[in-house]
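**Q** File name model.txt; file contents compact mmCIF, N, CA and C atoms; full text below.
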# COMPACT_ATOMS: atom_id res chain seq x y z
N MET M 75 421.09 243.29 108.60
CA MET M 75 420.73 243.84 107.32
C MET M 75 420.69 242.71 106.29
N LYS M 76 419.77 242.83 105.35
CA LYS M 76 419.60 241.83 104.30
C LYS M 76 419.42 242.54 102.98
N LEU M 77 420.12 242.06 101.95
CA LEU M 77 419.95 242.62 100.62
C LEU M 77 418.61 242.16 100.07
N HIS M 78 417.76 243.10 99.70
CA HIS M 78 416.41 242.77 99.23
C HIS M 78 416.40 242.42 97.75
N HIS M 79 417.02 243.26 96.91
CA HIS M 79 417.09 243.00 95.48
C HIS M 79 418.15 243.88 94.83
N VAL M 80 418.47 243.55 93.60
CA VAL M 80 419.33 244.39 92.77
C VAL M 80 418.51 244.76 91.54
N ALA M 81 418.98 245.74 90.79
CA ALA M 81 418.25 246.17 89.59
C ALA M 81 419.21 246.28 88.41
N VAL M 82 418.72 245.87 87.24
CA VAL M 82 419.48 245.96 86.01
C VAL M 82 418.55 246.49 84.91
N VAL M 83 419.15 246.86 83.78
CA VAL M 83 418.38 247.34 82.63
C VAL M 83 418.57 246.36 81.49
N CYS M 84 417.47 246.01 80.83
CA CYS M 84 417.51 245.17 79.63
C CYS M 84 416.73 245.87 78.52
N ARG M 85 417.12 245.59 77.29
CA ARG M 85 416.46 246.20 76.14
C ARG M 85 415.14 245.53 75.78
N SER M 86 414.95 244.27 76.21
CA SER M 86 413.71 243.57 75.86
C SER M 86 413.37 242.54 76.94
N LEU M 87 412.07 242.25 77.03
CA LEU M 87 411.62 241.23 77.96
C LEU M 87 412.13 239.86 77.52
N GLU M 88 412.27 239.66 76.22
CA GLU M 88 412.82 238.40 75.70
C GLU M 88 414.23 238.18 76.24
N ASN M 89 415.08 239.21 76.19
CA ASN M 89 416.44 239.09 76.74
C ASN M 89 416.39 238.75 78.22
N ALA M 90 415.51 239.42 78.95
CA ALA M 90 415.39 239.18 80.40
C ALA M 90 414.94 237.75 80.67
N ASP M 91 413.92 237.29 79.96
CA ASP M 91 413.42 235.93 80.17
C ASP M 91 414.49 234.89 79.84
N ARG M 92 415.23 235.10 78.75
CA ARG M 92 416.26 234.13 78.36
C ARG M 92 417.36 234.04 79.40
N PHE M 93 417.82 235.18 79.92
CA PHE M 93 418.94 235.14 80.87
C PHE M 93 418.48 234.81 82.29
N TYR M 94 417.56 235.61 82.83
CA TYR M 94 417.17 235.46 84.24
C TYR M 94 416.26 234.25 84.45
N GLY M 95 415.39 233.97 83.50
CA GLY M 95 414.50 232.82 83.61
C GLY M 95 415.15 231.53 83.18
N GLU M 96 415.56 231.46 81.92
CA GLU M 96 416.08 230.20 81.37
C GLU M 96 417.47 229.85 81.91
N LEU M 97 418.43 230.76 81.80
CA LEU M 97 419.80 230.44 82.21
C LEU M 97 419.99 230.40 83.72
N LEU M 98 419.47 231.41 84.43
CA LEU M 98 419.66 231.43 85.88
C LEU M 98 418.57 230.66 86.64
N GLY M 99 417.48 230.34 85.97
CA GLY M 99 416.43 229.55 86.61
C GLY M 99 415.61 230.32 87.63
N LEU M 100 415.55 231.65 87.49
CA LEU M 100 414.75 232.44 88.41
C LEU M 100 413.30 232.50 87.92
N LYS M 101 412.37 232.56 88.85
CA LYS M 101 410.95 232.62 88.53
C LYS M 101 410.54 234.08 88.33
N GLN M 102 409.69 234.32 87.34
CA GLN M 102 409.13 235.66 87.17
C GLN M 102 408.06 235.85 88.23
N ILE M 103 408.30 236.80 89.14
CA ILE M 103 407.41 237.00 90.29
C ILE M 103 406.29 237.98 89.98
N LYS M 104 406.65 239.10 89.35
CA LYS M 104 405.64 240.09 88.97
C LYS M 104 406.19 240.96 87.85
N SER M 105 405.27 241.60 87.15
CA SER M 105 405.66 242.48 86.05
C SER M 105 404.61 243.57 85.92
N PHE M 106 405.07 244.81 85.76
CA PHE M 106 404.14 245.93 85.58
C PHE M 106 404.86 247.08 84.90
N THR M 107 404.10 248.06 84.46
CA THR M 107 404.67 249.23 83.79
C THR M 107 404.75 250.39 84.76
N LEU M 108 405.93 251.00 84.81
CA LEU M 108 406.11 252.22 85.60
C LEU M 108 405.82 253.40 84.67
N ASN M 109 404.94 254.29 85.09
CA ASN M 109 404.60 255.42 84.22
C ASN M 109 405.75 256.42 84.16
N ARG M 110 405.70 257.24 83.14
CA ARG M 110 406.75 258.22 82.85
C ARG M 110 407.03 259.13 84.05
N GLU M 111 405.98 259.58 84.72
CA GLU M 111 406.14 260.49 85.85
C GLU M 111 406.93 259.84 86.99
N LEU M 112 406.59 258.59 87.32
CA LEU M 112 407.27 257.90 88.40
C LEU M 112 408.73 257.62 88.05
N VAL M 113 408.98 257.17 86.82
CA VAL M 113 410.36 256.91 86.39
C VAL M 113 411.19 258.19 86.47
N ASP M 114 410.60 259.31 86.05
CA ASP M 114 411.30 260.59 86.11
C ASP M 114 411.58 261.00 87.56
N GLN M 115 410.60 260.80 88.45
CA GLN M 115 410.78 261.16 89.85
C GLN M 115 411.88 260.33 90.52
N ILE M 116 411.93 259.05 90.21
CA ILE M 116 412.90 258.17 90.86
C ILE M 116 414.28 258.25 90.22
N PHE M 117 414.32 258.15 88.87
CA PHE M 117 415.59 257.96 88.18
C PHE M 117 416.04 259.14 87.30
N ASP M 118 415.24 260.20 87.26
CA ASP M 118 415.55 261.35 86.39
C ASP M 118 415.69 260.94 84.93
N VAL M 119 414.83 260.03 84.50
CA VAL M 119 414.79 259.58 83.11
C VAL M 119 413.35 259.76 82.63
N ASN M 120 413.19 260.43 81.51
CA ASN M 120 411.87 260.77 81.01
C ASN M 120 411.36 259.68 80.06
N CYS M 121 410.91 258.56 80.64
CA CYS M 121 410.33 257.49 79.82
C CYS M 121 409.48 256.59 80.69
N GLU M 122 408.62 255.85 80.02
CA GLU M 122 407.84 254.80 80.66
C GLU M 122 408.63 253.51 80.49
N CYS M 123 408.56 252.60 81.45
CA CYS M 123 409.25 251.32 81.24
C CYS M 123 408.56 250.21 82.02
N GLN M 124 408.80 249.02 81.56
CA GLN M 124 408.28 247.83 82.22
C GLN M 124 409.29 247.39 83.27
N MET M 125 408.80 246.92 84.41
CA MET M 125 409.66 246.35 85.44
C MET M 125 409.18 244.93 85.69
N THR M 126 410.11 243.99 85.60
CA THR M 126 409.80 242.60 85.88
C THR M 126 410.73 242.11 86.98
N LEU M 127 410.16 241.49 88.00
CA LEU M 127 410.93 240.97 89.12
C LEU M 127 411.09 239.47 88.95
N TYR M 128 412.36 239.02 88.97
CA TYR M 128 412.69 237.60 88.92
C TYR M 128 413.32 237.23 90.25
N GLY M 129 413.12 236.00 90.70
CA GLY M 129 413.76 235.64 91.96
C GLY M 129 413.56 234.20 92.36
N ASN M 130 414.20 233.87 93.46
CA ASN M 130 414.00 232.60 94.16
C ASN M 130 414.12 232.92 95.64
N GLU M 131 414.26 231.91 96.47
CA GLU M 131 414.32 232.16 97.92
C GLU M 131 415.57 232.90 98.37
N ASN M 132 416.60 232.98 97.50
CA ASN M 132 417.86 233.60 97.89
C ASN M 132 418.24 234.86 97.13
N PHE M 133 417.57 235.14 96.04
CA PHE M 133 418.05 236.18 95.13
C PHE M 133 416.89 236.79 94.37
N ALA M 134 416.88 238.11 94.24
CA ALA M 134 415.86 238.79 93.44
C ALA M 134 416.52 239.89 92.62
N VAL M 135 416.03 240.04 91.39
CA VAL M 135 416.55 241.07 90.51
C VAL M 135 415.38 241.76 89.82
N GLU M 136 415.36 243.11 89.92
CA GLU M 136 414.39 243.91 89.20
C GLU M 136 415.00 244.21 87.83
N VAL M 137 414.27 243.88 86.79
CA VAL M 137 414.74 244.15 85.44
C VAL M 137 413.87 245.26 84.86
N PHE M 138 414.50 246.39 84.54
CA PHE M 138 413.81 247.50 83.92
C PHE M 138 413.99 247.35 82.41
N VAL M 139 412.89 247.15 81.70
CA VAL M 139 412.93 246.96 80.26
C VAL M 139 412.64 248.30 79.61
N THR M 140 413.65 248.82 78.91
CA THR M 140 413.51 250.13 78.28
C THR M 140 414.50 250.28 77.14
N SER M 141 414.15 251.09 76.18
CA SER M 141 415.07 251.38 75.07
C SER M 141 416.06 252.47 75.47
N VAL M 142 415.79 253.16 76.57
CA VAL M 142 416.72 254.16 77.10
C VAL M 142 417.79 253.38 77.86
N HIS M 143 418.92 253.19 77.23
CA HIS M 143 419.96 252.32 77.78
C HIS M 143 421.29 253.07 77.72
N PRO M 144 421.66 253.76 78.78
CA PRO M 144 422.88 254.56 78.74
C PRO M 144 424.13 253.70 78.61
N GLU M 145 425.17 254.30 78.06
CA GLU M 145 426.46 253.62 77.99
C GLU M 145 426.92 253.32 79.41
N LYS M 146 427.72 252.30 79.55
CA LYS M 146 428.21 251.91 80.87
C LYS M 146 428.98 253.06 81.50
N VAL M 147 428.53 253.48 82.65
CA VAL M 147 429.14 254.61 83.35
C VAL M 147 430.31 254.15 84.20
N ASN M 148 430.17 253.03 84.86
CA ASN M 148 431.21 252.55 85.76
C ASN M 148 431.60 251.13 85.37
N PRO M 149 432.82 250.94 84.88
CA PRO M 149 433.22 249.62 84.40
C PRO M 149 433.37 248.57 85.50
N PHE M 150 433.34 248.97 86.77
CA PHE M 150 433.52 248.03 87.88
C PHE M 150 432.20 247.46 88.40
N VAL M 151 431.09 248.00 87.94
CA VAL M 151 429.78 247.57 88.43
C VAL M 151 429.49 246.15 87.94
N HIS M 152 429.16 245.26 88.89
CA HIS M 152 428.78 243.90 88.55
C HIS M 152 428.00 243.29 89.71
N LEU M 153 427.32 242.20 89.42
CA LEU M 153 426.62 241.43 90.44
C LEU M 153 427.36 240.12 90.59
N CYS M 154 427.46 239.61 91.80
CA CYS M 154 428.10 238.33 92.03
C CYS M 154 427.03 237.35 92.49
N ILE M 155 426.93 236.23 91.76
CA ILE M 155 425.96 235.21 92.15
C ILE M 155 426.69 233.90 92.41
N GLU M 156 426.18 233.15 93.37
CA GLU M 156 426.75 231.86 93.72
C GLU M 156 425.81 230.77 93.22
N VAL M 157 426.36 229.83 92.46
CA VAL M 157 425.57 228.74 91.89
C VAL M 157 426.19 227.41 92.28
N GLU M 158 425.46 226.32 92.08
CA GLU M 158 425.97 224.99 92.42
C GLU M 158 427.15 224.59 91.55
N ASN M 159 427.08 224.91 90.24
CA ASN M 159 428.13 224.50 89.32
C ASN M 159 428.46 225.66 88.37
N LYS M 160 429.48 226.43 88.73
CA LYS M 160 429.80 227.62 87.95
C LYS M 160 430.30 227.28 86.56
N GLU M 161 431.00 226.17 86.40
CA GLU M 161 431.49 225.77 85.08
C GLU M 161 430.32 225.43 84.15
N LYS M 162 429.33 224.74 84.68
CA LYS M 162 428.16 224.37 83.87
C LYS M 162 427.41 225.63 83.42
N LEU M 163 427.21 226.58 84.35
CA LEU M 163 426.53 227.82 83.98
C LEU M 163 427.33 228.57 82.93
N ALA M 164 428.65 228.66 83.11
CA ALA M 164 429.50 229.35 82.14
C ALA M 164 429.40 228.69 80.77
N GLU M 165 429.41 227.37 80.73
CA GLU M 165 429.29 226.65 79.46
C GLU M 165 427.94 226.92 78.81
N ASN M 166 426.85 226.91 79.60
CA ASN M 166 425.52 227.20 79.08
C ASN M 166 425.44 228.62 78.52
N CYS M 167 426.03 229.57 79.23
CA CYS M 167 426.03 230.96 78.77
C CYS M 167 426.81 231.09 77.46
N GLN M 168 427.96 230.47 77.42
CA GLN M 168 428.79 230.52 76.22
C GLN M 168 428.06 229.88 75.04
N ALA M 169 427.38 228.78 75.27
CA ALA M 169 426.62 228.10 74.22
C ALA M 169 425.49 228.97 73.69
N LYS M 170 424.98 229.87 74.53
CA LYS M 170 423.92 230.79 74.12
C LYS M 170 424.48 232.07 73.49
N GLY M 171 425.81 232.12 73.31
CA GLY M 171 426.43 233.26 72.65
C GLY M 171 426.75 234.43 73.57
N LEU M 172 426.70 234.21 74.88
CA LEU M 172 426.99 235.29 75.82
C LEU M 172 428.49 235.40 76.05
N GLU M 173 428.97 236.62 76.21
CA GLU M 173 430.39 236.84 76.50
C GLU M 173 430.72 236.25 77.86
N THR M 174 431.69 235.35 77.86
CA THR M 174 432.09 234.65 79.09
C THR M 174 433.60 234.76 79.23
N LYS M 175 434.06 235.23 80.39
CA LYS M 175 435.50 235.37 80.64
C LYS M 175 435.91 234.43 81.77
N ARG M 176 436.96 233.67 81.52
CA ARG M 176 437.59 232.85 82.56
C ARG M 176 438.98 233.42 82.78
N ILE M 177 439.28 233.80 84.00
CA ILE M 177 440.55 234.42 84.34
C ILE M 177 441.25 233.55 85.36
N SER M 178 442.41 233.03 84.99
CA SER M 178 443.18 232.20 85.92
C SER M 178 443.65 233.04 87.08
N ARG M 179 443.49 232.47 88.27
CA ARG M 179 443.90 233.18 89.48
C ARG M 179 444.27 232.15 90.53
N GLY M 180 445.56 232.05 90.83
CA GLY M 180 446.03 231.08 91.82
C GLY M 180 445.73 229.67 91.35
N ASP M 181 445.11 228.88 92.21
CA ASP M 181 444.77 227.50 91.88
C ASP M 181 443.43 227.37 91.16
N GLY M 182 442.71 228.46 91.00
CA GLY M 182 441.39 228.40 90.39
C GLY M 182 441.22 229.41 89.29
N SER M 183 439.98 229.79 89.08
CA SER M 183 439.71 230.79 88.06
C SER M 183 438.51 231.64 88.47
N LEU M 184 438.49 232.85 87.94
CA LEU M 184 437.35 233.74 88.09
C LEU M 184 436.52 233.60 86.83
N ILE M 185 435.21 233.62 86.97
CA ILE M 185 434.33 233.56 85.81
C ILE M 185 433.40 234.76 85.84
N PHE M 186 433.37 235.47 84.72
CA PHE M 186 432.47 236.61 84.54
C PHE M 186 431.67 236.39 83.27
N VAL M 187 430.37 236.73 83.33
CA VAL M 187 429.47 236.57 82.19
C VAL M 187 428.69 237.87 82.03
N LYS M 188 428.50 238.28 80.77
CA LYS M 188 427.62 239.41 80.48
C LYS M 188 426.30 238.86 79.97
N ASP M 189 425.19 239.43 80.46
CA ASP M 189 423.88 239.01 79.95
C ASP M 189 423.67 239.62 78.57
N TYR M 190 422.50 239.44 78.00
CA TYR M 190 422.23 239.89 76.63
C TYR M 190 422.28 241.41 76.47
N ASP M 191 422.29 242.14 77.59
CA ASP M 191 422.30 243.60 77.54
C ASP M 191 423.54 244.21 78.15
N GLY M 192 424.57 243.39 78.40
CA GLY M 192 425.84 243.90 78.89
C GLY M 192 425.98 243.99 80.39
N ASN M 193 424.98 243.56 81.16
CA ASN M 193 425.11 243.54 82.62
C ASN M 193 426.10 242.45 82.99
N LEU M 194 427.06 242.78 83.85
CA LEU M 194 428.16 241.89 84.18
C LEU M 194 427.90 241.12 85.47
N PHE M 195 428.13 239.79 85.43
CA PHE M 195 427.94 238.92 86.57
C PHE M 195 429.22 238.16 86.87
N GLU M 196 429.62 238.16 88.12
CA GLU M 196 430.69 237.27 88.59
C GLU M 196 430.01 236.00 89.06
N ILE M 197 430.54 234.86 88.66
CA ILE M 197 429.94 233.57 89.01
C ILE M 197 430.81 232.86 90.01
N LYS M 198 430.28 232.55 91.17
CA LYS M 198 431.01 231.81 92.22
C LYS M 198 430.38 230.45 92.41
How does the structure come out when it is put into structure tokens?

**A**
Amino acid sequence: MKLHHVAVVCRSLENADRFYGELLGLKQIKSFTLNRELVDQIFDVNCECQMTLYGNENFAVEVFVTSVHPEKVNPFVHLCIEVENKEKLAENCQAKGLETKRISRGDGSLIFVKDYDGNLFEIK
């Protein structure tokens, strides 16, 4: 089994481009609008939204751009990404004003970052 992609919600394409493109360095692969009927059939949400796929050879994320942005339902939901230098990414995120948490644990630390729309990422 192989994980194909994950999906997140962002309020704007600008937020998505800044986080997934600029900070994470993922390439925008495709972008299109999902019509209201299809969104309702799949997600039980009555709206039209844009979907943009970002990725590289190891990771893909579908970003649904919509103003319909429910409050966080499950506080444990997060994505874990592995990068070459987690401290550098954390510093870049913090410099861009993103919420960054460093939690001491044993001999190391856990790093969590929220994107511009509150999606939570664990950085390894």

**Q** Check the smallest atom-to-atom distance from each of M:Ala169, M:Val139, M:Leu163, M:Ile155 to M:Glu88 using only C-alpha atoms, then report the winner.

**A** M:Val139

**Q** For M:His78, find every residue with an atom within 9 Å (counting only C-alpha atoms), except residues of its own chain fewer than 4 positions away, and show them as a ChimeraX atom specification.

**A** /M:133-135

**Q** Using the selection just defined, write its residues with N, CA and C atoms as a CSV table (one decimal), in the coordinates of the input.

**A**
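The file below, part.csv, is the result:
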chain,number,residue,atom,x,y,z
M,133,PHE,N,417.6,235.1,96.0
M,133,PHE,CA,418.0,236.2,95.1
M,133,PHE,C,416.9,236.8,94.4
M,134,ALA,N,416.9,238.1,94.2
M,134,ALA,CA,415.9,238.8,93.4
M,134,ALA,C,416.5,239.9,92.6
M,135,VAL,N,416.0,240.0,91.4
M,135,VAL,CA,416.6,241.1,90.5
M,135,VAL,C,415.4,241.8,89.8

**Q** Each residue of stretch 123-187 of chain M with at least one atom at most 8 Å from stretch 93-98 of chain M should appear once, together with its nearest atom pair and the corresponding distance in Å (one decimal); atoms considered: all atoms listed in the file; ordering: chain, then increasing residue number; output as a Markdown table.

**A**
| residue | atom | partner | partner_atom | distance |
| --- | --- | --- | --- | --- |
| M:Tyr128 | CA | M:Tyr94 | C | 6.6 |
| M:Gly129 | N | M:Tyr94 | C | 7.2 |
| M:Leu163 | CA | M:Leu97 | C | 7.0 |
| M:Asn166 | C | M:Leu97 | CA | 7.0 |
| M:Cys167 | N | M:Leu97 | CA | 7.0 |

**Q** Using all atoms listed in the file, which protein or nucleic acid residues come within 6.5 Å of M:Asn109? Drop anything in the same chain fewer than 4 positions from it, and give the result as an MDAnalysis selection string.

**A** chainID M and resid 113:114 121:123

**Q** Go through M:Val119, M:Leu153, M:Leu172, M:Ile197 one by one, measure the shortest atom-to-atom distance of each to M:Leu184 using only C-alpha atoms, and give the residue with the smallest value.

**A** M:Ile197

**Q** Identify which of the residues M:Asn193, M:Gln168, M:Ser105, M:Ser141 lies closest to M:Val80, counting only C-alpha atoms when measuring atom-to-atom distances.

**A** M:Asn193

**Q** Hey, which of M:Tyr190, M:Phe150, M:Phe106, M:Phe195 ends up closest to M:Cys84? Count only N, CA and C atoms.

**A**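 Residue with the minimum atom-to-atom distance to M:Cys84: M:Tyr190.
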
**Q** Just checking: using only C-alpha atoms, which residue out of M:Leu112, M:Lys198, M:Gly192, M:Glu131 ends up closest to M:Lys162?

**A**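 Smallest distance to M:Lys162 is found for M:Lys198.
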
**Q** Using backbone DSSP assignments, extract all helix (DSSP H, G or I) residues from stretch 81-166 of chain M; output them as a VMD selection string.

**A** chain M and resid 87 to 97 110 to 117 160 to 166

**Q** What gap, in Å, lies between atom N of M:Glu111 and atom C of M:Leu87?

**A**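 The value is 21.9 Å.
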
**Q** Give the answer as one residue: which of M:Asp118, M:Asp181, M:Glu156, M:Asp189 has the shortest atom-to-atom distance to M:Asp91, using only C-alpha atoms?

**A**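 Nearest to M:Asp91: M:Asp189.
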
**Q** Atom C of M:Gln124 to atom N of M:Leu108: how many Å, to one decimal?

**A**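 A separation of 5.2 Å between them.
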
**Q** Just to confirm, what's the straight-line distance from atom CA of M:Asn120 to atom CA of M:Lys104 in Å (one decimal)?

**A** 23.0 Å

**Q** Can you check which residues of chain M DSSP gives as strand (DSSP E) on the backbone and send them as a ChimeraX atom specification?

**A** /M:80-84,101-108,123-129,134-139,153-155,174-179,182-188,194-197

**Q** Need to verify the contact set: M:Val187, 6 Å, only C-alpha atoms, exclusion of same-chain residues closer than 3 positions in sequence. Can you return it as a ChimeraX atom specification?

**A** /M:173-174,194-195

**Q** List as a list in words: which residues have an atom within 8 Å of (418.1, 247.6, 75.6), counting only C-alpha atoms?

**A**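 Nearby residues: Val83, Cys84, Arg85, Ser86, Val139, Thr140, Ser141, Val142, His143 and Asp191 of chain M.
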
**Q** I'd like the box whose edges run along x, y and z of the file and which contains every listed atom of stretch 95-110 of chain M, padded by 3 Å per side; could you state its centre and edge lengths in Å, one decimal, as lines of an AutoDock Vina configuration file?

**A**
center_x = 412.0
center_y = 244.3
center_z = 85.8
size_x = 21.9
size_y = 35.6
size_z = 14.9

**Q** Taking only N, CA and C atoms, show stretch 146-168 of chain M of the given structure as a PDB file, in the first residue's frame.

**A**
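Result went into out.pdb, see below:
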ATOM      1  N   LYS M 146     -12.087  23.611  13.707  1.00  0.00           N
ATOM      2  CA  LYS M 146     -11.364  22.352  13.854  1.00  0.00           C
ATOM      3  C   LYS M 146     -12.207  21.359  14.638  1.00  0.00           C
ATOM      4  N   VAL M 147     -12.485  20.231  14.034  1.00  0.00           N
ATOM      5  CA  VAL M 147     -13.320  19.215  14.648  1.00  0.00           C
ATOM      6  C   VAL M 147     -12.498  18.296  15.541  1.00  0.00           C
ATOM      7  N   ASN M 148     -11.322  17.931  15.104  1.00  0.00           N
ATOM      8  CA  ASN M 148     -10.496  17.000  15.848  1.00  0.00           C
ATOM      9  C   ASN M 148      -9.123  17.623  16.100  1.00  0.00           C
ATOM     10  N   PRO M 149      -8.804  17.933  17.351  1.00  0.00           N
ATOM     11  CA  PRO M 149      -7.544  18.619  17.633  1.00  0.00           C
ATOM     12  C   PRO M 149      -6.297  17.764  17.398  1.00  0.00           C
ATOM     13  N   PHE M 150      -6.445  16.463  17.166  1.00  0.00           N
ATOM     14  CA  PHE M 150      -5.300  15.576  16.971  1.00  0.00           C
ATOM     15  C   PHE M 150      -4.898  15.430  15.506  1.00  0.00           C
ATOM     16  N   VAL M 151      -5.718  15.939  14.606  1.00  0.00           N
ATOM     17  CA  VAL M 151      -5.456  15.783  13.178  1.00  0.00           C
ATOM     18  C   VAL M 151      -4.239  16.613  12.785  1.00  0.00           C
ATOM     19  N   HIS M 152      -3.261  15.957  12.140  1.00  0.00           N
ATOM     20  CA  HIS M 152      -2.083  16.647  11.635  1.00  0.00           C
ATOM     21  C   HIS M 152      -1.428  15.804  10.553  1.00  0.00           C
ATOM     22  N   LEU M 153      -0.558  16.440   9.786  1.00  0.00           N
ATOM     23  CA  LEU M 153       0.244  15.747   8.789  1.00  0.00           C
ATOM     24  C   LEU M 153       1.675  15.767   9.278  1.00  0.00           C
ATOM     25  N   CYS M 154       2.408  14.707   9.047  1.00  0.00           N
ATOM     26  CA  CYS M 154       3.808  14.653   9.435  1.00  0.00           C
ATOM     27  C   CYS M 154       4.641  14.616   8.159  1.00  0.00           C
ATOM     28  N   ILE M 155       5.558  15.576   8.041  1.00  0.00           N
ATOM     29  CA  ILE M 155       6.435  15.599   6.868  1.00  0.00           C
ATOM     30  C   ILE M 155       7.882  15.507   7.325  1.00  0.00           C
ATOM     31  N   GLU M 156       8.693  14.840   6.521  1.00  0.00           N
ATOM     32  CA  GLU M 156      10.110  14.695   6.813  1.00  0.00           C
ATOM     33  C   GLU M 156      10.890  15.575   5.841  1.00  0.00           C
ATOM     34  N   VAL M 157      11.752  16.416   6.388  1.00  0.00           N
ATOM     35  CA  VAL M 157      12.540  17.338   5.574  1.00  0.00           C
ATOM     36  C   VAL M 157      14.019  17.160   5.902  1.00  0.00           C
ATOM     37  N   GLU M 158      14.894  17.716   5.067  1.00  0.00           N
ATOM     38  CA  GLU M 158      16.330  17.591   5.295  1.00  0.00           C
ATOM     39  C   GLU M 158      16.776  18.318   6.554  1.00  0.00           C
ATOM     40  N   ASN M 159      16.207  19.522   6.808  1.00  0.00           N
ATOM     41  CA  ASN M 159      16.632  20.322   7.946  1.00  0.00           C
ATOM     42  C   ASN M 159      15.397  20.915   8.631  1.00  0.00           C
ATOM     43  N   LYS M 160      14.916  20.224   9.663  1.00  0.00           N
ATOM     44  CA  LYS M 160      13.676  20.658  10.311  1.00  0.00           C
ATOM     45  C   LYS M 160      13.838  21.989  11.030  1.00  0.00           C
ATOM     46  N   GLU M 161      15.013  22.266  11.570  1.00  0.00           N
ATOM     47  CA  GLU M 161      15.242  23.545  12.252  1.00  0.00           C
ATOM     48  C   GLU M 161      15.170  24.709  11.266  1.00  0.00           C
ATOM     49  N   LYS M 162      15.748  24.521  10.090  1.00  0.00           N
ATOM     50  CA  LYS M 162      15.724  25.576   9.067  1.00  0.00           C
ATOM     51  C   LYS M 162      14.292  25.852   8.624  1.00  0.00           C
ATOM     52  N   LEU M 163      13.513  24.790   8.381  1.00  0.00           N
ATOM     53  CA  LEU M 163      12.119  24.979   7.983  1.00  0.00           C
ATOM     54  C   LEU M 163      11.349  25.685   9.091  1.00  0.00           C
ATOM     55  N   ALA M 164      11.544  25.273  10.338  1.00  0.00           N
ATOM     56  CA  ALA M 164      10.855  25.905  11.468  1.00  0.00           C
ATOM     57  C   ALA M 164      11.211  27.384  11.552  1.00  0.00           C
ATOM     58  N   GLU M 165      12.486  27.714  11.372  1.00  0.00           N
ATOM     59  CA  GLU M 165      12.915  29.119  11.402  1.00  0.00           C
ATOM     60  C   GLU M 165      12.276  29.908  10.269  1.00  0.00           C
ATOM     61  N   ASN M 166      12.226  29.332   9.059  1.00  0.00           N
ATOM     62  CA  ASN M 166      11.596  29.999   7.920  1.00  0.00           C
ATOM     63  C   ASN M 166      10.110  30.232   8.169  1.00  0.00           C
ATOM     64  N   CYS M 167       9.441  29.238   8.735  1.00  0.00           N
ATOM     65  CA  CYS M 167       8.011  29.372   9.041  1.00  0.00           C
ATOM     66  C   CYS M 167       7.789  30.468  10.079  1.00  0.00           C
ATOM     67  N   GLN M 168       8.597  30.454  11.113  1.00  0.00           N
ATOM     68  CA  GLN M 168       8.472  31.455  12.171  1.00  0.00           C
ATOM     69  C   GLN M 168       8.733  32.852  11.604  1.00  0.00           C
TER      70      GLN M 168
END
